[in-house]
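Q: Handing you this structure, nothing more for now.
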Amino acid sequence: MIRCLIVDDERFARELLADNIGLIPFLELVASCKNTGEAMNVMATEHIDLVFLDIQMPGLSGIQWLGAGLINSPMVIMVTAYENYALDGFNLNVLDYVVKPVSFDRFLKAANKAMELYLLKNKQAPALAAEPNTLFVNSDYSLVRINMDHITHVEGLKDYVKIFQLHSDRPIIPRLTLHYMEARLPASSFLRVHRSYIVALDKIISIKRNRLYLPDADIPFTDNYRPQIMEYIGQHS
């Protein structure tokens, strides 16, 4: 779970953000604050992974507070009515910059960015190391556990990927990039063979011309990947 903090001086904005957080199962709202002073008190006693931060507030503004440095360097998504602070926000390494009024689709996109970064930052954590053959992805508003041994191939579709598994008619479709999946899957078992495909090497049944035949699929590959494919086959012949 990603532990969240809301910081906004408008009650309606805080309530809307809280409602949206409640609809996303991997987010947990720890506290909702109306100014940065309240937020500092919370962060002094609670671990916070993600802050939804307004900019224009009485006292210390969101930009000033962020510029001073936050305890434990949480991820920050700015949620504001002011478009002209976007450059300031990104110069301060905010994860996303969302302009009010915020639709749920836009909020979900920002939350998915946070989950992708959270998983990337914590991939070496002991809790994950105990189960090296599994990974979690966000799909259909849920965190789904995938056994890497069951993956046959992954197809990239711009901002999404399709993850195909043995004995499953439907792929899992999380909002992730193929580059991210390539980084998460073990290089000893998976190979990117095309700009749109990653395959599980042990699921290759046969090769014909420039196509790899897997269970229930055949995948094109480009010539520059042929030596790596043939090396794997040679090692397992």
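Ligands are numbered from 1 in the order shown, chains are lettered A, B, ... in the order of the structure tokens, and residues start at 1 in each chain.
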Taking 2 positions as the minimum chain separation for residues in the same chain, which residues sit within 10 Å of region 53-70 of chain A when counting only C-alpha atoms? Answer as a ChimeraX atom specification.

A: /A:5-10,13-14,33-37,39-40,43,50-51,72-82,85,88-89,91-94,97-100

Q: To test your reading of the structure, identify every residue in region 15-218 of chain A that backbone DSSP assigns to strand (DSSP E), and report it as a PyMOL selection string.

A: chain A and resi 27-33+50-53+75-80+96-99+134-139+142-147+151-157+160-165+190-194+197-200+206-208+211-214+217-218

Q: One number please: CA of Asn133 (chain A) to CA of Asn147 (chain A), in Å, one decimal.

A: 5.8 Å

Q: From region 89-159 of chain A, collect each residue whose DSSP state is alpha helix (DSSP H) and return the set as a PyMOL selection string.

A: chain A and resi 89-91+104-121+126-129

Q: Closest to Ala111 (chain A) among A:His179, A:Arg145, A:Arg3, A:Arg226, using only C-alpha atoms?

A: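 Residue with the minimum atom-to-atom distance to Ala111 (chain A): A:Arg3.
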